[in-house]
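Asker: Below is one structure. I have some questions about it.
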Amino acid sequence: MRNNNYYNDNFNTRNYSYMFNFEEEFEHSNTRVWMTENWTYGFLYCAIYMIVIFGGQHLMQNRPRFQLRGVLAVWNTMLALFSVMGACRTFPELYYVLKNYGIYHSICVPSFIMHDRVSGFWTWLFVLSKLPELGDTIFVVLRKQPLIFLHWYHHITVLLYSWFSYTEYTASARWFIVMNYCVHSIMYGYYALKCLGYNPPKNFAMLITSLQLTQMIVGCTVNIWAAQYLQEGHVDCHVSPTNVKVSIAMYFSYFVLFARFFYKSYMNPDPNWKKRQPESIPGNYRSQNGADKSKVQ
């Protein structure tokens, strides 16, 4: 099923009108070696993260909450801009592959890392970005917002899975990366606007949660296709059975948790339940006393 014409394509010139020097100089093999040799760091970072957030909650129990509105606005704006850039630099490769080589190639051939320096560089940054994104929870703790299971579970599992998949050059990850960049572009942009005092339409929050649910459905579908290709004996499909199992379990768990949030927030709204949710989830930007955050001065 491998299309040899692909390897004669120069994706860097077909997909991008301009390449930065740091993209042209990217060597995927060096980053893979480092990520493979230091795979235990991911678990170390997650352990430190858990100690910091739950220890921080304990320390903040008898202390006044921090507002941090300006800092949070800068933080969300930076993450939004990073995600927009990542989406712009990875989506063209996925689109080109789907248009010219089809679904199988998009799921089973890791050309987005090995044969495309631009997409490869932003794939590596995507994995690394999951570490600073843990900082989202620091704001939840310092602002004394409720820290729900969905929040910290999502951060930890995404970091560990992304690291694991990069060491394997999981081909199907191109789908997950593009989707995540696109959704985060909108999500963090929404957060930034709320921090700056703007009040987007309420339906916008529902749109973001709907996009997140769609992301989980597509993620499960891609994994089902990958599993089928492996069962059919496609030995050149560059997705390990272990990765498929871990990924589909992760995406399905996300779907259940986000679907529950969607139902509670938009279909059967319970004001008391909503007040208990952290503001790091769309549709629930509230101060400690339940007022709309955009009105807090």
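The way I read the labels, and the way they are meant: chains A, B, ... in the order of the structure tokens, residue 1 as the first residue of every chain, and ligand 1 as the first ligand shown, with later ones counted on from there.
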Need to verify the contact set: Ala173 of chain A, 12 Å, only C-alpha atoms, exclusion of same-chain residues closer than 3 positions in sequence. Can you return it as a CSV table (one decimal) with N, CA, C and O atoms, in the first residue's frame?

Answerer:
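Just written: around-v8.csv:
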chain,number,residue,atom,x,y,z
A,90,THR,N,1.2,22.3,10.4
A,90,THR,CA,1.0,20.9,10.4
A,90,THR,C,-0.2,20.5,9.5
A,90,THR,O,-0.2,19.4,8.9
A,94,LEU,N,-1.1,17.1,6.4
A,94,LEU,CA,-2.2,16.2,6.5
A,94,LEU,C,-3.1,16.3,5.3
A,94,LEU,O,-3.5,15.3,4.7
A,106,SER,N,-2.2,8.3,5.6
A,106,SER,CA,-2.3,9.3,6.7
A,106,SER,C,-2.2,8.6,8.1
A,106,SER,O,-1.9,9.2,9.1
A,107,ILE,N,-2.6,7.3,8.2
A,107,ILE,CA,-2.7,6.6,9.4
A,107,ILE,C,-1.4,5.7,9.6
A,107,ILE,O,-1.0,5.5,10.8
A,108,CYS,N,-0.8,5.3,8.5
A,108,CYS,CA,0.2,4.2,8.7
A,108,CYS,C,1.6,4.6,8.3
A,108,CYS,O,2.6,3.9,8.5
A,109,VAL,N,1.8,5.8,7.7
A,109,VAL,CA,3.1,6.2,7.2
A,109,VAL,C,3.6,7.5,7.9
A,109,VAL,O,2.9,8.5,7.8
A,110,PRO,N,4.6,7.4,8.8
A,110,PRO,CA,5.0,8.6,9.6
A,110,PRO,C,5.9,9.6,8.8
A,110,PRO,O,6.9,10.1,9.3
A,111,SER,N,5.5,9.9,7.6
A,111,SER,CA,6.2,10.8,6.7
A,111,SER,C,6.1,12.2,7.3
A,111,SER,O,7.0,13.0,6.9
A,112,PHE,N,5.2,12.6,8.1
A,112,PHE,CA,5.0,13.9,8.6
A,112,PHE,C,6.2,14.3,9.5
A,112,PHE,O,6.5,15.4,9.8
A,113,ILE,N,6.9,13.3,10.1
A,113,ILE,CA,8.1,13.5,10.9
A,113,ILE,C,9.4,13.2,10.0
A,113,ILE,O,10.3,14.0,10.0
A,119,SER,N,6.6,20.1,9.3
A,119,SER,CA,5.7,19.3,10.1
A,119,SER,C,6.4,18.6,11.3
A,119,SER,O,5.9,18.5,12.4
A,120,GLY,N,7.6,18.0,11.0
A,120,GLY,CA,8.3,17.3,12.0
A,120,GLY,C,8.7,18.2,13.1
A,120,GLY,O,8.6,17.8,14.3
A,123,THR,N,5.7,19.0,15.2
A,123,THR,CA,5.3,17.8,15.9
A,123,THR,C,6.1,17.6,17.2
A,123,THR,O,5.6,17.3,18.3
A,124,TRP,N,7.4,17.9,17.1
A,124,TRP,CA,8.3,17.8,18.3
A,124,TRP,C,7.9,18.9,19.3
A,124,TRP,O,7.8,18.6,20.5
A,126,PHE,N,5.0,20.2,19.6
A,126,PHE,CA,3.7,19.8,20.2
A,126,PHE,C,3.9,18.9,21.4
A,126,PHE,O,3.3,19.1,22.4
A,127,VAL,N,4.8,17.9,21.3
A,127,VAL,CA,5.1,17.0,22.4
A,127,VAL,C,5.7,17.8,23.6
A,127,VAL,O,5.2,17.7,24.7
A,158,VAL,N,-2.2,13.1,28.3
A,158,VAL,CA,-1.7,13.7,27.0
A,158,VAL,C,-0.2,13.8,27.0
A,158,VAL,O,0.4,13.4,26.0
A,161,TYR,N,1.3,10.1,26.8
A,161,TYR,CA,1.0,9.5,25.5
A,161,TYR,C,1.7,10.2,24.3
A,161,TYR,O,2.2,9.5,23.4
A,162,SER,N,1.8,11.5,24.4
A,162,SER,CA,2.5,12.2,23.3
A,162,SER,C,4.0,11.8,23.3
A,162,SER,O,4.6,11.6,22.2
A,163,TRP,N,4.6,11.7,24.5
A,163,TRP,CA,6.0,11.3,24.6
A,163,TRP,C,6.2,9.9,24.0
A,163,TRP,O,7.1,9.7,23.2
A,164,PHE,N,5.4,9.0,24.5
A,164,PHE,CA,5.4,7.6,24.0
A,164,PHE,C,5.3,7.5,22.5
A,164,PHE,O,6.0,6.8,21.8
A,165,SER,N,4.3,8.2,22.0
A,165,SER,CA,4.1,8.1,20.5
A,165,SER,C,5.2,8.7,19.7
A,165,SER,O,5.5,8.2,18.6
A,166,TYR,N,5.9,9.7,20.2
A,166,TYR,CA,7.0,10.3,19.5
A,166,TYR,C,8.2,9.3,19.4
A,166,TYR,O,8.8,9.2,18.4
A,167,THR,N,8.4,8.6,20.5
A,167,THR,CA,9.5,7.7,20.4
A,167,THR,C,9.3,6.5,19.5
A,167,THR,O,10.2,5.9,18.9
A,168,GLU,N,8.0,6.3,19.2
A,168,GLU,CA,7.6,5.2,18.2
A,168,GLU,C,7.4,5.7,16.8
A,168,GLU,O,7.2,4.9,15.9
A,169,TYR,N,7.4,7.1,16.6
A,169,TYR,CA,7.0,7.7,15.4
A,169,TYR,C,5.6,7.2,14.9
A,169,TYR,O,5.4,6.7,13.8
A,170,THR,N,4.7,7.2,15.8
A,170,THR,CA,3.3,6.7,15.5
A,170,THR,C,2.7,7.5,14.4
A,170,THR,O,2.5,8.7,14.5
A,176,PHE,N,-4.0,13.4,15.4
A,176,PHE,CA,-4.2,13.9,16.8
A,176,PHE,C,-3.5,15.3,17.0
A,176,PHE,O,-4.1,16.1,17.6
A,177,ILE,N,-2.3,15.4,16.4
A,177,ILE,CA,-1.6,16.7,16.5
A,177,ILE,C,-2.3,17.9,15.8
A,177,ILE,O,-2.5,18.9,16.4
A,178,VAL,N,-2.8,17.6,14.6
A,178,VAL,CA,-3.5,18.7,13.9
A,178,VAL,C,-4.8,19.1,14.6
A,178,VAL,O,-5.1,20.2,14.7
A,179,MET,N,-5.5,18.1,15.0
A,179,MET,CA,-6.8,18.3,15.7
A,179,MET,C,-6.6,19.1,17.0
A,179,MET,O,-7.3,20.1,17.3
A,180,ASN,N,-5.6,18.7,17.7
A,180,ASN,CA,-5.3,19.4,19.0
A,180,ASN,C,-4.8,20.8,18.8
A,180,ASN,O,-5.3,21.7,19.5
A,218,VAL,N,-13.2,11.5,16.4
A,218,VAL,CA,-12.2,11.2,15.3
A,218,VAL,C,-11.0,10.4,15.8
A,218,VAL,O,-10.5,9.5,15.1
A,219,GLY,N,-10.6,10.7,17.0
A,219,GLY,CA,-9.4,10.0,17.5
A,219,GLY,C,-9.7,8.5,17.7
A,219,GLY,O,-8.9,7.7,17.3
A,220,CYS,N,-10.9,8.2,18.2
A,220,CYS,CA,-11.3,6.8,18.3
A,220,CYS,C,-11.4,6.1,16.9
A,220,CYS,O,-11.0,5.0,16.7
A,222,VAL,N,-9.9,6.9,14.1
A,222,VAL,CA,-8.5,6.7,13.5
A,222,VAL,C,-7.9,5.5,14.1
A,222,VAL,O,-7.3,4.7,13.4
A,223,ASN,N,-8.1,5.3,15.4
A,223,ASN,CA,-7.5,4.1,16.1
A,223,ASN,C,-8.2,2.9,15.6
A,223,ASN,O,-7.5,1.8,15.5
A,226,ALA,N,-6.7,2.0,12.3
A,226,ALA,CA,-5.3,1.5,12.5
A,226,ALA,C,-5.4,0.1,12.9
A,226,ALA,O,-4.6,-0.8,12.5
A,238,HIS,N,2.8,1.8,10.5
A,238,HIS,CA,3.7,2.2,11.6
A,238,HIS,C,2.9,2.7,12.8
A,238,HIS,O,3.0,3.9,13.2
A,239,VAL,N,2.1,1.8,13.3
A,239,VAL,CA,1.4,2.0,14.6
A,239,VAL,C,1.4,0.7,15.3
A,239,VAL,O,1.0,-0.3,14.8
A,240,SER,N,1.9,0.8,16.6
A,240,SER,CA,2.0,-0.5,17.3
A,240,SER,C,0.7,-0.9,17.9
A,240,SER,O,-0.1,0.0,18.3
A,243,ASN,N,0.1,0.9,21.2
A,243,ASN,CA,-0.3,2.3,21.0
A,243,ASN,C,-1.7,2.4,20.7
A,243,ASN,O,-2.4,3.3,21.2
A,244,VAL,N,-2.2,1.6,19.8
A,244,VAL,CA,-3.7,1.6,19.5
A,244,VAL,C,-4.5,1.4,20.7
A,244,VAL,O,-5.5,2.1,20.9
A,247,SER,N,-4.2,4.4,23.1
A,247,SER,CA,-4.8,5.6,22.5
A,247,SER,C,-6.3,5.6,22.5
A,247,SER,O,-7.0,6.5,22.8

Asker: Using only C-alpha atoms, find the one residue out of A:Ala249, A:Tyr254, A:Tyr190, A:Ser185 that sits nearest to Leu213 of chain A.

Answerer: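 Residue with the minimum atom-to-atom distance to Leu213 of chain A: A:Tyr254.
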
Asker: What's the 12 Å shell around Tyr181 of chain A, counting only C-alpha atoms, without same-chain residues fewer than 2 positions away, as a PyMOL selection string?

Answerer: chain A and resi 79-91+122-123+125-127+129-130+174-179+183-189+211-212+215

Asker: I need the chosen residues saved as a CSV table (one decimal), in the first residue's frame, with N, CA and C atoms.

Answerer:
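Once written, out.csv looks like this:
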chain,number,residue,atom,x,y,z
A,79,LEU,N,-0.4,30.8,24.4
A,79,LEU,CA,-0.7,29.5,24.0
A,79,LEU,C,-1.6,29.4,22.8
A,80,ALA,N,-2.5,30.5,22.7
A,80,ALA,CA,-3.3,30.5,21.5
A,80,ALA,C,-2.5,30.8,20.2
A,81,LEU,N,-1.6,31.7,20.3
A,81,LEU,CA,-0.7,32.1,19.2
A,81,LEU,C,0.2,30.9,18.8
A,82,PHE,N,0.7,30.2,19.8
A,82,PHE,CA,1.5,29.0,19.5
A,82,PHE,C,0.7,27.9,18.8
A,83,SER,N,-0.6,27.7,19.3
A,83,SER,CA,-1.4,26.7,18.7
A,83,SER,C,-1.8,27.1,17.2
A,84,VAL,N,-2.1,28.4,17.0
A,84,VAL,CA,-2.4,28.8,15.6
A,84,VAL,C,-1.2,28.5,14.7
A,85,MET,N,0.0,28.9,15.2
A,85,MET,CA,1.2,28.6,14.4
A,85,MET,C,1.4,27.1,14.1
A,86,GLY,N,1.2,26.3,15.2
A,86,GLY,CA,1.3,24.9,15.0
A,86,GLY,C,0.3,24.3,14.0
A,87,ALA,N,-0.9,24.8,14.1
A,87,ALA,CA,-2.0,24.3,13.1
A,87,ALA,C,-1.6,24.7,11.7
A,88,CYS,N,-1.1,25.9,11.5
A,88,CYS,CA,-0.8,26.4,10.2
A,88,CYS,C,0.4,25.6,9.6
A,89,ARG,N,1.3,25.1,10.5
A,89,ARG,CA,2.5,24.4,10.0
A,89,ARG,C,2.3,22.8,9.9
A,90,THR,N,1.2,22.3,10.4
A,90,THR,CA,1.0,20.9,10.4
A,90,THR,C,-0.2,20.5,9.5
A,91,PHE,N,-1.2,21.3,9.5
A,91,PHE,CA,-2.4,21.0,8.7
A,91,PHE,C,-2.1,20.8,7.2
A,122,TRP,N,7.3,21.0,14.2
A,122,TRP,CA,6.1,21.4,15.0
A,122,TRP,C,5.5,20.2,15.7
A,123,THR,N,5.7,19.0,15.2
A,123,THR,CA,5.3,17.8,15.9
A,123,THR,C,6.1,17.6,17.2
A,125,LEU,N,7.6,20.1,18.8
A,125,LEU,CA,7.2,21.2,19.7
A,125,LEU,C,5.9,20.9,20.3
A,126,PHE,N,5.0,20.2,19.6
A,126,PHE,CA,3.7,19.8,20.2
A,126,PHE,C,3.9,18.9,21.4
A,127,VAL,N,4.8,17.9,21.3
A,127,VAL,CA,5.1,17.0,22.4
A,127,VAL,C,5.7,17.8,23.6
A,129,SER,N,5.3,21.0,24.2
A,129,SER,CA,4.4,21.9,24.7
A,129,SER,C,3.5,21.4,25.8
A,130,LYS,N,3.4,20.1,25.9
A,130,LYS,CA,2.5,19.5,26.9
A,130,LYS,C,3.1,19.6,28.3
A,174,ARG,N,-0.3,12.1,13.4
A,174,ARG,CA,-0.5,13.3,12.6
A,174,ARG,C,-1.9,13.9,12.8
A,175,TRP,N,-2.9,13.0,12.8
A,175,TRP,CA,-4.3,13.4,13.0
A,175,TRP,C,-4.5,14.0,14.4
A,176,PHE,N,-4.0,13.4,15.4
A,176,PHE,CA,-4.2,13.9,16.8
A,176,PHE,C,-3.5,15.3,17.0
A,177,ILE,N,-2.3,15.4,16.4
A,177,ILE,CA,-1.6,16.7,16.5
A,177,ILE,C,-2.3,17.9,15.8
A,178,VAL,N,-2.8,17.6,14.6
A,178,VAL,CA,-3.5,18.7,13.9
A,178,VAL,C,-4.8,19.1,14.6
A,179,MET,N,-5.5,18.1,15.0
A,179,MET,CA,-6.8,18.3,15.7
A,179,MET,C,-6.6,19.1,17.0
A,183,VAL,N,-8.0,22.9,17.8
A,183,VAL,CA,-9.0,23.1,18.9
A,183,VAL,C,-8.4,24.1,19.9
A,184,HIS,N,-7.1,23.9,20.2
A,184,HIS,CA,-6.4,24.7,21.2
A,184,HIS,C,-6.3,26.2,20.7
A,185,SER,N,-6.2,26.4,19.4
A,185,SER,CA,-6.2,27.7,18.9
A,185,SER,C,-7.4,28.5,19.3
A,186,ILE,N,-8.6,27.8,19.1
A,186,ILE,CA,-9.9,28.4,19.5
A,186,ILE,C,-10.1,28.5,21.0
A,187,MET,N,-9.7,27.4,21.7
A,187,MET,CA,-10.0,27.4,23.1
A,187,MET,C,-9.2,28.4,23.9
A,188,TYR,N,-7.9,28.5,23.6
A,188,TYR,CA,-7.0,29.4,24.4
A,188,TYR,C,-7.3,30.8,23.9
A,189,GLY,N,-7.8,31.0,22.7
A,189,GLY,CA,-8.2,32.3,22.2
A,189,GLY,C,-9.4,32.8,23.0
A,211,LEU,N,-16.4,20.8,19.7
A,211,LEU,CA,-15.2,20.5,18.9
A,211,LEU,C,-14.3,19.5,19.7
A,212,GLN,N,-14.3,19.7,21.0
A,212,GLN,CA,-13.5,18.7,21.8
A,212,GLN,C,-14.1,17.3,21.7
A,215,GLN,N,-13.3,15.9,18.4
A,215,GLN,CA,-11.9,15.5,18.4
A,215,GLN,C,-11.7,14.1,18.9

Asker: One number please: atom CA of Tyr16 of chain A to atom CA of Glu93 of chain A, in Å, one decimal.

Answerer: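 Separation of atom CA of Tyr16 of chain A and atom CA of Glu93 of chain A: 9.1 Å.
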
Asker: Just how far from atom CA of His151 of chain A is atom CA of Pro132 of chain A, in Å to one decimal?

Answerer: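 Going from atom CA of Pro132 of chain A over to atom CA of His151 of chain A, I get 14.6 Å.
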
Asker: So how many Å separate atom CA of Gly70 of chain A and atom CA of Cys195 of chain A, to one decimal?

Answerer: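 Computed distance, atom CA of Gly70 of chain A to atom CA of Cys195 of chain A, equals 7.3 Å.
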
Asker: Would you please give, as an MDAnalysis selection string, all residues of segment 17-213 of chain A that DSSP assigns to alpha helix (DSSP H) based on the backbone?

Answerer: chainID A and resid 21:24 28:37 40:60 69:100 102:108 111:114 117:129 135:142 149:168 173:195 202:213

Asker: Of the candidates A:Ala192, A:Ile103, A:Val71, A:Val52, which shows the shortest atom-to-atom distance to Leu134 of chain A, using only C-alpha atoms?

Answerer: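 So, comparing all the options, the nearest one is A:Val52.
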